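Visitor: Encoded as structure tokens, here's the structure I'll be asking about.
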Amino acid sequence: MLAKINNFEIDLSKPIDISIPLTNTDENPIAWYIEKPLIEPVIFGDWIGKVSEGKSSTNFNNIFFNPHGHGTHTECLGHITNDFYSINQSLKQFFFFVKLITIEPEKFGEDFVITKEQIASLITEKTEALIIRTLPNQLEKKSRKYSNTNPPYLSEDAAIFIRESEIQHLLIDLPSVDREHDEGKLLAHKAFWNVKDTHNLNPDARFNATITEMIYVSDEIEDGNYILNLQIASFENDASPSKPILYKI
């Protein structure tokens, strides 16, 4: 089935999913020092919400998870502000022109950092959204335990460059755009959203811009331009589990 999005023709029957599924197994990725998600049937006395247990006609599960630490998620500036802002209210458009680039973070001391220069060398035209795939790109990213591993991150200058390039939506295959232990500075988050004071927001803060973290872009997907369908659940929360889908143009 063909459709036209932003004047580009795409085949809706050939989606490319770059999200990581959420499971209650040890294969689920984890960040930020929490345990794996919990998916279990509701129990009322002798009644168990699981058909295979023979006491229910339906499967009826509770799910306990953290969007930031358990897989692919999309967040708004409410992630770092004193006042409440919801991703469900911030993201109102869902199709975007996106560019996928691949970068091997550079070593600085004990850290690996994505720099402004690396991104600038690969952004040659205007785009609404940017996907950064990092090297090495092991399949292990889909199940990695990130806590206390000091993953690569985005430099403040790189985040400023992305903002000044008028890129509204940033997607990355890391648990955060910032350093794991950064004393709460959140330099890249603040630079991307143009937040100068988290307790008293400046009028030009980017309320409609989003960051999507913990995606996985397989090696078979080539760098270049795509149409992005950025799908979220309707959570009134700073972040939601999300399902970014690419379509070849």
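Residues in the structure tokens are named by chain (A, B, ... in the order shown) and by number from 1 within that chain; ligands are numbered from 1 in the order shown.
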Using only C-alpha atoms, what table do you get, as a tab-separated table, when you list each residue of segment 96-133 of chain A with an atom no more than 12 Å from segment 12-31 of chain A, its nearest pair of atoms, and their distance in Å rounded to one decimal, rows by chain then rising number?
Guide:
```
residue	atom	partner	partner_atom	distance
A:Leu100	CA	A:Ile18	CA	11.4
A:Ile131	CA	A:Ile18	CA	10.2
A:Ile132	CA	A:Ile18	CA	11.7
A:Arg133	CA	A:Ile18	CA	10.6
```
Visitor: Can you pull out the residues contacting Lys107 of chain A? Cut-off 12 Å, using only C-alpha atoms, and skip same-chain residues under 4 positions away; I want them as a JSON list (two decimals) with C-alpha atoms, in the first residue's frame.
Guide:
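Once everything was written out, this is around.json:
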```
[["chain", "number", "residue", "atom", "x", "y", "z"],
["A", 111, "ASP", "CA", 34.51, 8.21, 28.21],
["A", 112, "PHE", "CA", 33.32, 7.69, 24.66],
["A", 113, "VAL", "CA", 31.62, 10.79, 23.28],
["A", 114, "ILE", "CA", 29.64, 11.72, 20.16],
["A", 115, "THR", "CA", 31.00, 15.09, 19.07],
["A", 151, "PRO", "CA", 27.93, 4.15, 28.11],
["A", 152, "PRO", "CA", 28.81, 6.62, 25.35],
["A", 153, "TYR", "CA", 26.92, 9.91, 25.30],
["A", 155, "SER", "CA", 28.61, 16.18, 24.01]]
```
Visitor: Which residue gives the smallest distance to Lys145 of chain A among A:His70, A:Tyr247, A:Asn61, A:Ile160, with only C-alpha atoms counted?
Guide: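 Nearest candidate to Lys145 of chain A out of A:His70, A:Tyr247, A:Asn61, A:Ile160: A:His70.
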Visitor: What lies within 10 Å of Lys99 of chain A using only C-alpha atoms, ignoring chain neighbours under 4 positions off, as a list of chain:residue names?
Guide: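 With the cut-off at 10 Å, the set is A:Leu122, A:Ile123, A:Glu125, A:Lys126, A:Thr127, A:Glu128, A:Ala129, A:Leu130, A:Ile131, A:Ile132, A:Leu170, A:Asp223, A:Gly224, A:Asn225, A:Tyr226, A:Ile227, A:Leu228.
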Visitor: Residues as selected, N, CA, C and O atoms, written as a PDB file, in the first residue's frame, can you do that?
Guide:
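Output (again_28.pdb):
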```pdb
ATOM      1  N   LEU A 122      28.101  14.832   8.831  1.00  0.00           N
ATOM      2  CA  LEU A 122      27.143  13.917   8.218  1.00  0.00           C
ATOM      3  C   LEU A 122      25.782  14.550   7.948  1.00  0.00           C
ATOM      4  O   LEU A 122      24.935  13.945   7.291  1.00  0.00           O
ATOM      5  N   ILE A 123      25.566  15.762   8.464  1.00  0.00           N
ATOM      6  CA  ILE A 123      24.291  16.458   8.233  1.00  0.00           C
ATOM      7  C   ILE A 123      24.512  17.492   7.127  1.00  0.00           C
ATOM      8  O   ILE A 123      25.113  18.544   7.340  1.00  0.00           O
ATOM      9  N   GLU A 125      21.869  18.398   4.883  1.00  0.00           N
ATOM     10  CA  GLU A 125      20.616  19.013   4.469  1.00  0.00           C
ATOM     11  C   GLU A 125      19.676  19.069   5.664  1.00  0.00           C
ATOM     12  O   GLU A 125      19.859  18.368   6.671  1.00  0.00           O
ATOM     13  N   LYS A 126      18.667  19.907   5.577  1.00  0.00           N
ATOM     14  CA  LYS A 126      17.738  20.077   6.690  1.00  0.00           C
ATOM     15  C   LYS A 126      16.891  18.826   6.870  1.00  0.00           C
ATOM     16  O   LYS A 126      16.461  18.195   5.911  1.00  0.00           O
ATOM     17  N   THR A 127      16.655  18.468   8.126  1.00  0.00           N
ATOM     18  CA  THR A 127      15.817  17.315   8.438  1.00  0.00           C
ATOM     19  C   THR A 127      15.046  17.592   9.719  1.00  0.00           C
ATOM     20  O   THR A 127      15.522  18.313  10.601  1.00  0.00           O
ATOM     21  N   GLU A 128      13.844  17.020   9.837  1.00  0.00           N
ATOM     22  CA  GLU A 128      13.018  17.227  11.026  1.00  0.00           C
ATOM     23  C   GLU A 128      13.469  16.371  12.196  1.00  0.00           C
ATOM     24  O   GLU A 128      13.287  16.730  13.363  1.00  0.00           O
ATOM     25  N   ALA A 129      14.040  15.203  11.881  1.00  0.00           N
ATOM     26  CA  ALA A 129      14.437  14.259  12.918  1.00  0.00           C
ATOM     27  C   ALA A 129      15.784  13.643  12.550  1.00  0.00           C
ATOM     28  O   ALA A 129      16.173  13.606  11.380  1.00  0.00           O
ATOM     29  N   LEU A 130      16.486  13.181  13.587  1.00  0.00           N
ATOM     30  CA  LEU A 130      17.815  12.600  13.391  1.00  0.00           C
ATOM     31  C   LEU A 130      17.920  11.313  14.204  1.00  0.00           C
ATOM     32  O   LEU A 130      17.576  11.285  15.387  1.00  0.00           O
ATOM     33  N   ILE A 131      18.404  10.250  13.553  1.00  0.00           N
ATOM     34  CA  ILE A 131      18.681   8.984  14.229  1.00  0.00           C
ATOM     35  C   ILE A 131      20.186   8.780  14.251  1.00  0.00           C
ATOM     36  O   ILE A 131      20.841   8.851  13.206  1.00  0.00           O
ATOM     37  N   ILE A 132      20.731   8.518  15.443  1.00  0.00           N
ATOM     38  CA  ILE A 132      22.152   8.234  15.575  1.00  0.00           C
ATOM     39  C   ILE A 132      22.329   6.776  15.967  1.00  0.00           C
ATOM     40  O   ILE A 132      21.888   6.343  17.034  1.00  0.00           O
ATOM     41  N   LEU A 170      15.176  13.728  18.200  1.00  0.00           N
ATOM     42  CA  LEU A 170      16.456  13.031  18.228  1.00  0.00           C
ATOM     43  C   LEU A 170      16.246  11.613  18.721  1.00  0.00           C
ATOM     44  O   LEU A 170      15.624  11.400  19.770  1.00  0.00           O
ATOM     45  N   ASP A 223      22.368   3.872   6.157  1.00  0.00           N
ATOM     46  CA  ASP A 223      22.307   5.298   6.454  1.00  0.00           C
ATOM     47  C   ASP A 223      21.583   6.015   5.317  1.00  0.00           C
ATOM     48  O   ASP A 223      21.654   5.608   4.153  1.00  0.00           O
ATOM     49  N   GLY A 224      20.907   7.110   5.669  1.00  0.00           N
ATOM     50  CA  GLY A 224      20.219   7.875   4.639  1.00  0.00           C
ATOM     51  C   GLY A 224      18.920   8.458   5.141  1.00  0.00           C
ATOM     52  O   GLY A 224      18.678   8.544   6.353  1.00  0.00           O
ATOM     53  N   ASN A 225      18.074   8.849   4.214  1.00  0.00           N
ATOM     54  CA  ASN A 225      16.823   9.532   4.532  1.00  0.00           C
ATOM     55  C   ASN A 225      15.638   8.565   4.506  1.00  0.00           C
ATOM     56  O   ASN A 225      15.532   7.709   3.623  1.00  0.00           O
ATOM     57  N   TYR A 226      14.748   8.748   5.480  1.00  0.00           N
ATOM     58  CA  TYR A 226      13.558   7.912   5.616  1.00  0.00           C
ATOM     59  C   TYR A 226      12.393   8.798   6.065  1.00  0.00           C
ATOM     60  O   TYR A 226      12.568   9.959   6.428  1.00  0.00           O
ATOM     61  N   ILE A 227      11.210   8.214   6.063  1.00  0.00           N
ATOM     62  CA  ILE A 227      10.078   8.787   6.775  1.00  0.00           C
ATOM     63  C   ILE A 227       9.952   8.051   8.108  1.00  0.00           C
ATOM     64  O   ILE A 227       9.996   6.822   8.146  1.00  0.00           O
ATOM     65  N   LEU A 228       9.833   8.804   9.185  1.00  0.00           N
ATOM     66  CA  LEU A 228       9.705   8.257  10.526  1.00  0.00           C
ATOM     67  C   LEU A 228       8.267   8.382  11.007  1.00  0.00           C
ATOM     68  O   LEU A 228       7.668   9.459  10.933  1.00  0.00           O
TER      69      LEU A 228
END
```
Visitor: With distances taken over only C-alpha atoms, which of A:Asp46, A:Val195, A:Lys190, A:Ile162 is nearest to Glu117 of chain A?
Guide: A:Ile162
Visitor: Check the smallest atom-to-atom distance from each of A:Gln118, A:Ser143, A:Ser90, A:Asn229 to Pro244 of chain A using only C-alpha atoms, then report the winner.
Guide: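 Using only C-alpha atoms, Pro244 of chain A sits closest to A:Asn229.
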Visitor: Let's see if you can do this: from backbone DSSP, list all strand (DSSP E) residues in segment 45-168 of chain A, as a PyMOL selection string.
Guide: chain A and resi 47-48+61-64+73-75+95-103+106-108+111-114+129-134+153-154
Visitor: Considering only C-alpha atoms, state which residue in the set A:Asp219, A:Glu213, A:Asp178, A:Glu104 is at the smallest distance from Ala239 of chain A.
Guide: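 Among the listed residues, the smallest separation from Ala239 of chain A belongs to A:Glu213.
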Visitor: With distances taken over only C-alpha atoms, which residue among A:Glu35, A:Asp182, A:Asp204, A:Glu75 lies nearest Ala233 of chain A?
Guide: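 Comparing A:Glu35, A:Asp182, A:Asp204, A:Glu75 against Ala233 of chain A, the winner is A:Glu75.
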Visitor: Compile the contact shell of Trp32 of chain A as a ChimeraX atom specification: residues with an atom at most 12 Å away, counting only C-alpha atoms, same-chain residues fewer than 4 positions apart removed.
Guide: /A:36,66-71,144-151,175-176,179-181
Visitor: With all heavy atoms retained, export the selected residues as a compact mmCIF listing (two decimals), in the first residue's frame.
Guide:
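For reference, selection.txt as written:
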```
# COMPACT_ATOMS: atom_id res chain seq x y z
N LYS A 36 14.36 -6.07 36.10
CA LYS A 36 13.65 -6.27 34.83
C LYS A 36 12.16 -5.99 35.01
O LYS A 36 11.64 -5.99 36.13
CB LYS A 36 13.86 -7.70 34.33
CG LYS A 36 13.25 -8.78 35.22
CD LYS A 36 13.59 -10.16 34.67
CE LYS A 36 12.99 -11.25 35.55
NZ LYS A 36 13.35 -12.61 35.06
N ASN A 66 9.50 0.64 33.88
CA ASN A 66 9.93 2.04 33.87
C ASN A 66 10.29 2.43 32.45
O ASN A 66 11.18 1.80 31.84
CB ASN A 66 11.14 2.23 34.78
CG ASN A 66 11.56 3.69 34.88
OD1 ASN A 66 12.06 4.27 33.94
ND2 ASN A 66 11.33 4.28 36.04
N PRO A 67 9.63 3.43 31.86
CA PRO A 67 9.91 3.74 30.45
C PRO A 67 11.36 4.14 30.19
O PRO A 67 11.90 3.82 29.13
CB PRO A 67 8.93 4.88 30.14
CG PRO A 67 8.50 5.42 31.45
CD PRO A 67 8.58 4.28 32.41
N HIS A 68 12.01 4.81 31.15
CA HIS A 68 13.38 5.27 30.93
C HIS A 68 14.40 4.13 31.02
O HIS A 68 15.44 4.19 30.37
CB HIS A 68 13.75 6.35 31.95
CG HIS A 68 12.97 7.61 31.80
ND1 HIS A 68 13.21 8.52 30.80
CD2 HIS A 68 11.95 8.11 32.53
CE1 HIS A 68 12.37 9.54 30.92
NE2 HIS A 68 11.59 9.31 31.95
N GLY A 69 14.10 3.12 31.81
CA GLY A 69 15.10 2.10 32.07
C GLY A 69 14.87 0.76 31.44
O GLY A 69 15.74 -0.12 31.52
N HIS A 70 13.73 0.56 30.77
CA HIS A 70 13.38 -0.77 30.31
C HIS A 70 13.25 -0.92 28.81
O HIS A 70 12.74 -1.95 28.34
CB HIS A 70 12.07 -1.22 30.98
CG HIS A 70 12.26 -1.70 32.39
ND1 HIS A 70 11.30 -1.54 33.36
CD2 HIS A 70 13.30 -2.33 32.99
CE1 HIS A 70 11.73 -2.05 34.50
NE2 HIS A 70 12.94 -2.54 34.30
N GLY A 71 13.66 0.05 28.04
CA GLY A 71 13.59 -0.14 26.59
C GLY A 71 13.35 1.16 25.85
O GLY A 71 13.53 2.26 26.39
N ARG A 144 21.25 -5.47 26.64
CA ARG A 144 22.39 -5.03 27.47
C ARG A 144 21.93 -4.51 28.83
O ARG A 144 20.89 -3.88 28.96
CB ARG A 144 23.17 -3.95 26.73
CG ARG A 144 24.45 -3.50 27.42
CD ARG A 144 25.29 -2.65 26.48
NE ARG A 144 25.80 -3.46 25.38
CZ ARG A 144 26.36 -2.94 24.28
NH1 ARG A 144 26.44 -1.63 24.13
NH2 ARG A 144 26.80 -3.73 23.33
N LYS A 145 22.75 -4.77 29.84
CA LYS A 145 22.54 -4.22 31.18
C LYS A 145 23.49 -3.03 31.33
O LYS A 145 24.69 -3.20 31.52
CB LYS A 145 22.80 -5.30 32.24
CG LYS A 145 22.03 -6.61 32.00
CD LYS A 145 20.52 -6.39 31.94
CE LYS A 145 19.76 -7.70 31.71
NZ LYS A 145 19.68 -8.08 30.29
N TYR A 146 22.93 -1.81 31.24
CA TYR A 146 23.74 -0.61 31.13
C TYR A 146 24.19 -0.03 32.48
O TYR A 146 25.10 0.80 32.51
CB TYR A 146 22.94 0.47 30.39
CG TYR A 146 22.85 0.27 28.90
CD1 TYR A 146 21.72 -0.30 28.32
CD2 TYR A 146 23.89 0.66 28.07
CE1 TYR A 146 21.63 -0.47 26.95
CE2 TYR A 146 23.81 0.49 26.70
CZ TYR A 146 22.68 -0.07 26.14
OH TYR A 146 22.60 -0.23 24.79
N SER A 147 23.56 -0.43 33.56
CA SER A 147 23.84 0.21 34.85
C SER A 147 25.32 0.11 35.21
O SER A 147 25.93 -0.96 35.15
CB SER A 147 22.99 -0.43 35.94
OG SER A 147 21.61 -0.31 35.65
N ASN A 148 25.89 1.26 35.57
CA ASN A 148 27.29 1.36 36.01
C ASN A 148 28.29 0.90 34.96
O ASN A 148 29.35 0.35 35.29
CB ASN A 148 27.50 0.57 37.31
CG ASN A 148 26.77 1.21 38.48
OD1 ASN A 148 26.90 2.41 38.73
ND2 ASN A 148 26.00 0.40 39.21
N THR A 149 27.97 1.13 33.67
CA THR A 149 28.90 0.77 32.59
C THR A 149 29.45 1.99 31.86
O THR A 149 30.25 1.84 30.94
CB THR A 149 28.22 -0.16 31.57
OG1 THR A 149 27.14 0.55 30.94
CG2 THR A 149 27.69 -1.42 32.24
N ASN A 150 29.03 3.20 32.25
CA ASN A 150 29.48 4.43 31.61
C ASN A 150 29.34 4.36 30.08
O ASN A 150 30.34 4.46 29.34
CB ASN A 150 30.93 4.75 31.99
CG ASN A 150 31.35 6.15 31.57
OD1 ASN A 150 30.53 7.06 31.49
ND2 ASN A 150 32.64 6.33 31.29
N PRO A 151 28.11 4.24 29.56
CA PRO A 151 27.93 4.15 28.11
C PRO A 151 28.34 5.45 27.41
O PRO A 151 28.46 6.51 28.04
CB PRO A 151 26.41 3.93 27.97
CG PRO A 151 25.94 3.50 29.31
CD PRO A 151 26.84 4.17 30.29
N PRO A 175 21.21 4.51 26.34
CA PRO A 175 20.21 4.73 27.39
C PRO A 175 20.00 6.19 27.74
O PRO A 175 19.01 6.55 28.36
CB PRO A 175 20.78 3.96 28.59
CG PRO A 175 22.25 3.90 28.33
CD PRO A 175 22.39 3.79 26.84
N SER A 176 20.93 7.05 27.33
CA SER A 176 20.79 8.48 27.60
C SER A 176 21.68 9.28 26.66
O SER A 176 22.73 8.79 26.23
CB SER A 176 21.17 8.80 29.05
OG SER A 176 21.06 10.19 29.31
N ARG A 179 25.94 11.68 30.09
CA ARG A 179 26.83 10.77 30.83
C ARG A 179 26.04 10.11 31.96
O ARG A 179 25.20 10.75 32.60
CB ARG A 179 28.01 11.55 31.39
CG ARG A 179 29.16 10.70 31.88
CD ARG A 179 30.33 11.61 32.29
NE ARG A 179 31.55 10.83 32.46
CZ ARG A 179 31.94 10.32 33.63
NH1 ARG A 179 31.20 10.50 34.71
NH2 ARG A 179 33.07 9.64 33.72
N GLU A 180 26.33 8.83 32.23
CA GLU A 180 25.60 8.10 33.26
C GLU A 180 25.74 8.78 34.63
O GLU A 180 24.76 9.01 35.33
CB GLU A 180 26.09 6.66 33.34
CG GLU A 180 25.33 5.84 34.37
CD GLU A 180 25.79 4.39 34.41
OE1 GLU A 180 26.92 4.09 33.92
OE2 GLU A 180 25.04 3.56 34.94
N HIS A 181 26.96 9.09 35.02
CA HIS A 181 27.21 9.79 36.29
C HIS A 181 27.72 11.19 35.96
O HIS A 181 28.90 11.38 35.66
CB HIS A 181 28.23 9.03 37.14
CG HIS A 181 27.77 7.65 37.54
ND1 HIS A 181 26.78 7.44 38.48
CD2 HIS A 181 28.16 6.42 37.10
CE1 HIS A 181 26.59 6.14 38.63
NE2 HIS A 181 27.40 5.50 37.80
```
Visitor: Go through A:Arg206, A:Tyr216, A:Ala188, A:Phe96 and flag the residue nearest Glu140 of chain A, using only C-alpha atoms for the distances.
Guide: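 The answer is A:Tyr216, which sits nearest to Glu140 of chain A.
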Visitor: Write out as a list in words which residues come within 12 Å of Lys92 of chain A when counting only C-alpha atoms, dropping same-chain ones fewer than 3 positions away.
Guide: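 Returned residues: Cys76, Ser86, Ile87, Asn88, Gln89, Phe95, Phe96, Phe207, Asn208, Ala209, Thr210, Asn229, Leu230, Gln231, Ile232 and Ser234 of chain A.
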Visitor: Filtering to N, CA and C atoms, could you give me those residues as a tab-separated table (two decimals), in the first residue's frame?
Guide:
```tsv
chain	number	residue	atom	x	y	z
A	76	CYS	N	9.83	14.05	26.67
A	76	CYS	CA	9.74	15.48	26.39
A	76	CYS	C	10.54	16.22	27.46
A	86	SER	N	3.85	16.73	29.80
A	86	SER	CA	3.56	15.37	29.37
A	86	SER	C	3.98	15.13	27.93
A	87	ILE	N	4.56	13.96	27.68
A	87	ILE	CA	4.88	13.59	26.31
A	87	ILE	C	3.62	13.49	25.47
A	88	ASN	N	2.50	13.10	26.09
A	88	ASN	CA	1.25	12.96	25.36
A	88	ASN	C	0.72	14.30	24.88
A	89	GLN	N	1.06	15.38	25.58
A	89	GLN	CA	0.65	16.71	25.17
A	89	GLN	C	1.71	17.39	24.29
A	95	PHE	N	4.52	11.85	11.95
A	95	PHE	CA	5.31	11.51	10.77
A	95	PHE	C	6.31	12.62	10.51
A	96	PHE	N	7.58	12.21	10.24
A	96	PHE	CA	8.64	13.19	10.07
A	96	PHE	C	9.63	12.72	9.01
A	207	PHE	N	9.34	23.03	23.71
A	207	PHE	CA	8.29	22.22	24.32
A	207	PHE	C	7.86	21.06	23.44
A	208	ASN	N	7.99	21.17	22.13
A	208	ASN	CA	7.51	20.13	21.23
A	208	ASN	C	8.61	19.21	20.71
A	209	ALA	N	9.83	19.42	21.18
A	209	ALA	CA	10.95	18.57	20.76
A	209	ALA	C	11.01	17.32	21.64
A	210	THR	N	11.46	16.21	21.07
A	210	THR	CA	11.51	14.95	21.82
A	210	THR	C	12.87	14.26	21.65
A	229	ASN	N	7.72	7.28	11.50
A	229	ASN	CA	6.45	7.30	12.23
A	229	ASN	C	6.80	7.05	13.70
A	230	LEU	N	6.69	8.09	14.52
A	230	LEU	CA	7.07	8.00	15.93
A	230	LEU	C	5.82	7.75	16.76
A	231	GLN	N	5.63	6.51	17.18
A	231	GLN	CA	4.42	6.09	17.88
A	231	GLN	C	4.68	6.02	19.39
A	232	ILE	N	3.76	6.60	20.18
A	232	ILE	CA	3.84	6.52	21.63
A	232	ILE	C	2.51	6.02	22.18
A	234	SER	N	-0.47	6.66	25.05
A	234	SER	CA	-1.04	7.93	25.54
A	234	SER	C	-0.88	8.08	27.05
```
Visitor: Kindly give the distance, in Å, that separates atom CA of Asn194 of chain A and atom CA of Phe161 of chain A, rounded to a single decimal.
Guide: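 Calculated distance between atom CA of Asn194 of chain A and atom CA of Phe161 of chain A is 11.4 Å.
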Visitor: Within 10 Å of Glu9 of chain A, counting only C-alpha atoms, which residues qualify if same-chain residues fewer than 4 places away don't, as a PyMOL selection string?
Guide: chain A and resi 2-5+227+247-249
Visitor: Grab the residues selected above and save them as a PDB file, in the first residue's frame with all heavy atoms.
Guide:
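selection.pdb was written with the following content:
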```
ATOM      1  N   LEU A   2       0.705   2.079  -1.005  1.00  0.00           N
ATOM      2  CA  LEU A   2       1.517   3.282  -1.116  1.00  0.00           C
ATOM      3  C   LEU A   2       0.786   4.478  -0.524  1.00  0.00           C
ATOM      4  O   LEU A   2      -0.436   4.573  -0.567  1.00  0.00           O
ATOM      5  CB  LEU A   2       1.851   3.559  -2.579  1.00  0.00           C
ATOM      6  CG  LEU A   2       2.680   2.490  -3.302  1.00  0.00           C
ATOM      7  CD1 LEU A   2       2.927   2.910  -4.743  1.00  0.00           C
ATOM      8  CD2 LEU A   2       4.000   2.256  -2.590  1.00  0.00           C
ATOM      9  N   ALA A   3       1.561   5.388   0.080  1.00  0.00           N
ATOM     10  CA  ALA A   3       1.001   6.617   0.647  1.00  0.00           C
ATOM     11  C   ALA A   3       1.986   7.742   0.442  1.00  0.00           C
ATOM     12  O   ALA A   3       3.192   7.520   0.275  1.00  0.00           O
ATOM     13  CB  ALA A   3       0.702   6.434   2.132  1.00  0.00           C
ATOM     14  N   LYS A   4       1.474   8.967   0.452  1.00  0.00           N
ATOM     15  CA  LYS A   4       2.336  10.142   0.351  1.00  0.00           C
ATOM     16  C   LYS A   4       2.381  10.844   1.699  1.00  0.00           C
ATOM     17  O   LYS A   4       1.361  11.219   2.254  1.00  0.00           O
ATOM     18  CB  LYS A   4       1.837  11.098  -0.728  1.00  0.00           C
ATOM     19  CG  LYS A   4       2.373  10.792  -2.113  1.00  0.00           C
ATOM     20  CD  LYS A   4       2.195  11.963  -3.054  1.00  0.00           C
ATOM     21  CE  LYS A   4       2.938  11.704  -4.368  1.00  0.00           C
ATOM     22  NZ  LYS A   4       2.808  12.859  -5.295  1.00  0.00           N
ATOM     23  N   ILE A   5       3.589  11.007   2.231  1.00  0.00           N
ATOM     24  CA  ILE A   5       3.823  11.702   3.486  1.00  0.00           C
ATOM     25  C   ILE A   5       4.840  12.802   3.220  1.00  0.00           C
ATOM     26  O   ILE A   5       5.931  12.545   2.720  1.00  0.00           O
ATOM     27  CB  ILE A   5       4.367  10.751   4.577  1.00  0.00           C
ATOM     28  CG1 ILE A   5       3.446   9.543   4.763  1.00  0.00           C
ATOM     29  CG2 ILE A   5       4.586  11.489   5.880  1.00  0.00           C
ATOM     30  CD1 ILE A   5       2.117   9.861   5.400  1.00  0.00           C
ATOM     31  N   ILE A 227      11.210   8.214   6.063  1.00  0.00           N
ATOM     32  CA  ILE A 227      10.078   8.787   6.775  1.00  0.00           C
ATOM     33  C   ILE A 227       9.952   8.051   8.108  1.00  0.00           C
ATOM     34  O   ILE A 227       9.996   6.822   8.146  1.00  0.00           O
ATOM     35  CB  ILE A 227       8.770   8.661   5.968  1.00  0.00           C
ATOM     36  CG1 ILE A 227       8.850   9.530   4.706  1.00  0.00           C
ATOM     37  CG2 ILE A 227       7.573   9.088   6.820  1.00  0.00           C
ATOM     38  CD1 ILE A 227       8.989  11.022   4.971  1.00  0.00           C
ATOM     39  N   TYR A 247      10.224   4.170   7.146  1.00  0.00           N
ATOM     40  CA  TYR A 247       9.774   3.762   5.808  1.00  0.00           C
ATOM     41  C   TYR A 247      10.761   4.296   4.780  1.00  0.00           C
ATOM     42  O   TYR A 247      11.145   5.473   4.825  1.00  0.00           O
ATOM     43  CB  TYR A 247       8.380   4.311   5.508  1.00  0.00           C
ATOM     44  CG  TYR A 247       7.298   3.734   6.376  1.00  0.00           C
ATOM     45  CD1 TYR A 247       6.893   4.382   7.545  1.00  0.00           C
ATOM     46  CD2 TYR A 247       6.680   2.529   6.042  1.00  0.00           C
ATOM     47  CE1 TYR A 247       5.902   3.849   8.350  1.00  0.00           C
ATOM     48  CE2 TYR A 247       5.679   1.997   6.843  1.00  0.00           C
ATOM     49  CZ  TYR A 247       5.295   2.651   7.987  1.00  0.00           C
ATOM     50  OH  TYR A 247       4.321   2.110   8.797  1.00  0.00           O
ATOM     51  N   LYS A 248      11.161   3.435   3.872  1.00  0.00           N
ATOM     52  CA  LYS A 248      12.034   3.871   2.783  1.00  0.00           C
ATOM     53  C   LYS A 248      11.264   4.837   1.891  1.00  0.00           C
ATOM     54  O   LYS A 248      10.081   4.660   1.638  1.00  0.00           O
ATOM     55  CB  LYS A 248      12.517   2.676   1.960  1.00  0.00           C
ATOM     56  CG  LYS A 248      13.486   1.791   2.706  1.00  0.00           C
ATOM     57  CD  LYS A 248      13.973   0.645   1.797  1.00  0.00           C
ATOM     58  CE  LYS A 248      14.980  -0.240   2.519  1.00  0.00           C
ATOM     59  NZ  LYS A 248      15.453  -1.336   1.668  1.00  0.00           N
ATOM     60  N   ILE A 249      11.954   5.835   1.420  1.00  0.00           N
ATOM     61  CA  ILE A 249      11.355   6.811   0.512  1.00  0.00           C
ATOM     62  C   ILE A 249      11.505   6.325  -0.914  1.00  0.00           C
ATOM     63  O   ILE A 249      12.628   6.034  -1.349  1.00  0.00           O
ATOM     64  CB  ILE A 249      12.021   8.199   0.679  1.00  0.00           C
ATOM     65  CG1 ILE A 249      11.781   8.703   2.112  1.00  0.00           C
ATOM     66  CG2 ILE A 249      11.505   9.181  -0.342  1.00  0.00           C
ATOM     67  CD1 ILE A 249      12.542   9.968   2.424  1.00  0.00           C
TER      68      ILE A 249
END
```
